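Engineer: Below: one structure in structure tokens.
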Amino acid sequence: YNKTHVLKSNVMDPKNDSILKECWGKKFGNEGHWEKAYAYFFKAFKNYQTIGHSTNAKRCLQYAVMTNMLCDTTENPFEQQEARVYKTDPQIQAINNLRDAYDKCDVGRFNSSIKSLQPDWYMRKHLNAVVRDFQERAICDTIRPYQRVRIEFLSSNLGVNKESVLDILIQLILDGKINGKINEVEGILDMRKTSRLNSAEKAKYEALSNWVDGLESSRKSIPQPESRRLGSIHSEEFQDITRYNNNFGAGPGKQLF
């Protein structure tokens with residue numbers, strides 16, 4: 001990684017630089033460093049745009065928008081002049097609508113935009129994180145005017161089952177983003193008390209969270225058909241980059257990867 005920042009100018013032309021920036025964007029995205037991933041994807045987008053490779057530019061713009069939603073920032077990629085011209089492009093419109101619904105906490109539009117997306121393997125790999133982050137934002141936005149909210153209401157509003165809502169609420173309470181308690185008997189989130197959780201209550205929610213995590217871990221440990229294993233995704237890790245080299249590279253022995 002460090003060596004790619006000191007390459008000679010005759011190597012670091014926009015074509016080679018765009019490939020490197022896209023690779024590093026994927027690396028940092030896979031590690032959960034969304035700010036760095038967004039910065040690299042947007043630079044790759046602009047470089048691809050400079051050399052006239054619109055297909056690759058659109059791909060990296062979609063990656064940039066996705067990782068930007070996972071950053072703790074109000075910056076919108078489509079406010080940049082280079083990206084603004086793609087807002088109405090058929091390939092970009094779906095993720096532009098997704099971004100707009102995300103900003104406005106519009107659950108219905110967000111869910112419909114997710115269904116209209118045609119994500120590639122890399123976007124599919126990280127879309128669950130985008131959905132989870134949006135659901136947390138939507139719950140916080142929905143409960144703001146209330147003191148008591150039924151879990152069933154939140155489930156219906158989000159379009160997910162009650163178990164998923166409980167999992168999200170537990171995490172939000174543990175993170176201190178919601179000051180409330182869950183009445184499991186009545187199925188209600190109670191926010192009338194302003195006092196923070198005591199040690200016993202916090203231990204209870206942590207135990208519930210660990211139990212949910214354990215169930216998820218057990219589910220993932222069950223053997224899956226070959227086509228569903230994670231390895232089949234990693235085999236595609238840089239397939240689009242390799243294809244780009246084959247199509248636009250300088251020939252055998254001169255490819256970057």
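To be explicit about the labels: the chains of the structure tokens are called A, B, and onward in the order shown, and within each one the residues are counted from 1, while ligands get numbers from 1 in the order they are shown.
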Quick one: residues within 9 Å of Leu70 of chain A, only C-alpha atoms, excluding same-chain residues fewer than 6 positions away - as a ChimeraX atom specification?

Structural biologist: /A:34-35,129-130,133

Engineer: Residues near Asp120 of chain A, anyone? I mean within 10 Å using only C-alpha atoms, not counting same-chain ones fewer than 5 positions away, as number ranges by chain.

Structural biologist: A: 59, 63, 125

Engineer: Residues as selected, N, CA, C and O atoms, written as a compact mmCIF listing (two decimals), in the first residue's frame, can you do that?

Structural biologist:
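Ended up saving to selection.txt:
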```
# COMPACT_ATOMS: atom_id res chain seq x y z
N ARG A 59 -19.42 2.27 -11.97
CA ARG A 59 -19.27 1.25 -10.93
C ARG A 59 -18.67 1.86 -9.66
O ARG A 59 -19.18 1.65 -8.55
N TYR A 63 -20.08 2.46 -5.74
CA TYR A 63 -19.34 2.08 -4.54
C TYR A 63 -19.17 3.27 -3.61
O TYR A 63 -19.29 3.17 -2.38
N LYS A 125 -22.09 -7.64 -0.98
CA LYS A 125 -21.31 -7.99 0.20
C LYS A 125 -21.53 -7.01 1.35
O LYS A 125 -21.45 -7.38 2.53
```

Engineer: Find the residues near Phe78 of chain A: any atom within 10 Å, counting only C-alpha atoms, skip ones fewer than 3 places away on the same chain, and give them as a list of chain:residue names.

Structural biologist: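 My list of contacting residues is A:Leu61, A:Val65, A:Glu75, A:Gln81, A:Glu82, A:Ala83, A:Arg84, A:Val85, A:Tyr86, A:Lys87, A:Asn96, A:Arg99.
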
Engineer: Residues as selected, all heavy atoms, written as a compact mmCIF listing (two decimals), in the first residue's frame, can you do that?

Structural biologist:
```
# COMPACT_ATOMS: atom_id res chain seq x y z
N LEU A 61 -18.64 4.99 -8.81
CA LEU A 61 -19.55 5.98 -8.23
C LEU A 61 -20.57 5.29 -7.34
O LEU A 61 -20.90 5.77 -6.25
CB LEU A 61 -20.24 6.77 -9.33
CG LEU A 61 -21.25 7.83 -8.86
CD1 LEU A 61 -20.60 8.83 -7.90
CD2 LEU A 61 -21.86 8.56 -10.05
N VAL A 65 -21.04 5.99 -3.34
CA VAL A 65 -22.30 6.36 -2.70
C VAL A 65 -22.62 5.39 -1.55
O VAL A 65 -23.03 5.80 -0.47
CB VAL A 65 -23.45 6.38 -3.72
CG1 VAL A 65 -24.79 6.63 -3.02
CG2 VAL A 65 -23.20 7.44 -4.78
N GLU A 75 -21.94 14.75 4.06
CA GLU A 75 -21.53 15.00 2.68
C GLU A 75 -22.27 14.04 1.74
O GLU A 75 -22.40 12.85 2.00
CB GLU A 75 -20.02 14.79 2.54
CG GLU A 75 -19.50 15.00 1.13
CD GLU A 75 -18.02 14.71 1.01
OE1 GLU A 75 -17.39 14.47 2.05
OE2 GLU A 75 -17.50 14.71 -0.12
N GLN A 81 -19.63 18.20 -8.56
CA GLN A 81 -19.94 18.46 -9.97
C GLN A 81 -19.74 17.22 -10.84
O GLN A 81 -20.52 16.94 -11.75
CB GLN A 81 -19.09 19.62 -10.48
CG GLN A 81 -19.40 20.02 -11.92
CD GLN A 81 -18.58 21.21 -12.38
OE1 GLN A 81 -17.85 21.81 -11.60
NE2 GLN A 81 -18.70 21.56 -13.65
N GLU A 82 -18.66 16.46 -10.57
CA GLU A 82 -18.36 15.30 -11.40
C GLU A 82 -19.45 14.23 -11.32
O GLU A 82 -19.73 13.53 -12.29
CB GLU A 82 -17.02 14.67 -10.98
CG GLU A 82 -15.81 15.57 -11.15
CD GLU A 82 -15.54 16.43 -9.92
OE1 GLU A 82 -16.44 16.51 -9.05
OE2 GLU A 82 -14.45 17.01 -9.83
N ALA A 83 -20.07 14.10 -10.14
CA ALA A 83 -21.08 13.07 -9.94
C ALA A 83 -22.48 13.55 -10.31
O ALA A 83 -23.35 12.74 -10.66
CB ALA A 83 -21.07 12.60 -8.49
N ARG A 84 -22.69 14.85 -10.24
CA ARG A 84 -24.04 15.39 -10.47
C ARG A 84 -24.58 15.04 -11.84
O ARG A 84 -25.79 14.81 -12.00
CB ARG A 84 -24.01 16.91 -10.28
CG ARG A 84 -25.39 17.54 -10.11
CD ARG A 84 -25.27 19.04 -9.88
NE ARG A 84 -24.46 19.31 -8.71
CZ ARG A 84 -23.48 20.22 -8.68
NH1 ARG A 84 -23.19 20.93 -9.76
NH2 ARG A 84 -22.79 20.44 -7.56
N VAL A 85 -23.71 14.96 -12.84
CA VAL A 85 -24.17 14.69 -14.21
C VAL A 85 -24.70 13.28 -14.38
O VAL A 85 -25.37 12.97 -15.37
CB VAL A 85 -23.02 14.94 -15.22
CG1 VAL A 85 -22.60 16.38 -15.21
CG2 VAL A 85 -21.83 14.04 -14.94
N TYR A 86 -24.39 12.39 -13.40
CA TYR A 86 -24.84 11.00 -13.50
C TYR A 86 -26.15 10.73 -12.74
O TYR A 86 -26.65 9.60 -12.75
CB TYR A 86 -23.77 10.06 -12.94
CG TYR A 86 -22.56 9.91 -13.82
CD1 TYR A 86 -21.42 10.68 -13.62
CD2 TYR A 86 -22.53 8.98 -14.87
CE1 TYR A 86 -20.30 10.55 -14.43
CE2 TYR A 86 -21.42 8.83 -15.68
CZ TYR A 86 -20.30 9.62 -15.45
OH TYR A 86 -19.20 9.48 -16.26
N LYS A 87 -26.71 11.73 -12.07
CA LYS A 87 -27.86 11.51 -11.20
C LYS A 87 -29.05 10.89 -11.93
O LYS A 87 -29.80 10.10 -11.36
CB LYS A 87 -28.29 12.83 -10.55
CG LYS A 87 -27.35 13.32 -9.47
CD LYS A 87 -27.85 14.58 -8.80
CE LYS A 87 -29.04 14.31 -7.91
NZ LYS A 87 -29.41 15.50 -7.11
N ASN A 96 -29.04 6.59 -6.39
CA ASN A 96 -29.32 7.99 -6.06
C ASN A 96 -30.62 8.09 -5.26
O ASN A 96 -30.70 8.81 -4.26
CB ASN A 96 -29.41 8.83 -7.33
CG ASN A 96 -29.73 10.29 -7.04
OD1 ASN A 96 -29.27 10.85 -6.05
ND2 ASN A 96 -30.53 10.90 -7.89
N ARG A 99 -29.95 6.80 -1.77
CA ARG A 99 -29.26 7.81 -0.97
C ARG A 99 -30.24 8.88 -0.49
O ARG A 99 -30.19 9.32 0.66
CB ARG A 99 -28.14 8.44 -1.80
CG ARG A 99 -27.48 9.66 -1.15
CD ARG A 99 -26.66 9.27 0.03
NE ARG A 99 -26.51 10.33 0.98
CZ ARG A 99 -25.41 10.59 1.66
NH1 ARG A 99 -24.35 9.85 1.48
NH2 ARG A 99 -25.35 11.57 2.53
```

Engineer: Of the candidates A:Val149, A:Ser155, A:Arg144, A:Met69, which one gets nearest to Leu127 of chain A if we count only C-alpha atoms?

Structural biologist: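 Of A:Val149, A:Ser155, A:Arg144, A:Met69, the one nearest Leu127 of chain A is A:Met69, counting only C-alpha atoms.
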
Engineer: Please, what distance in Å, to one decimal, runs between atom CA of Gly180 of chain A and atom CA of Phe110 of chain A?

Structural biologist: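 A separation of 26.6 Å between them.
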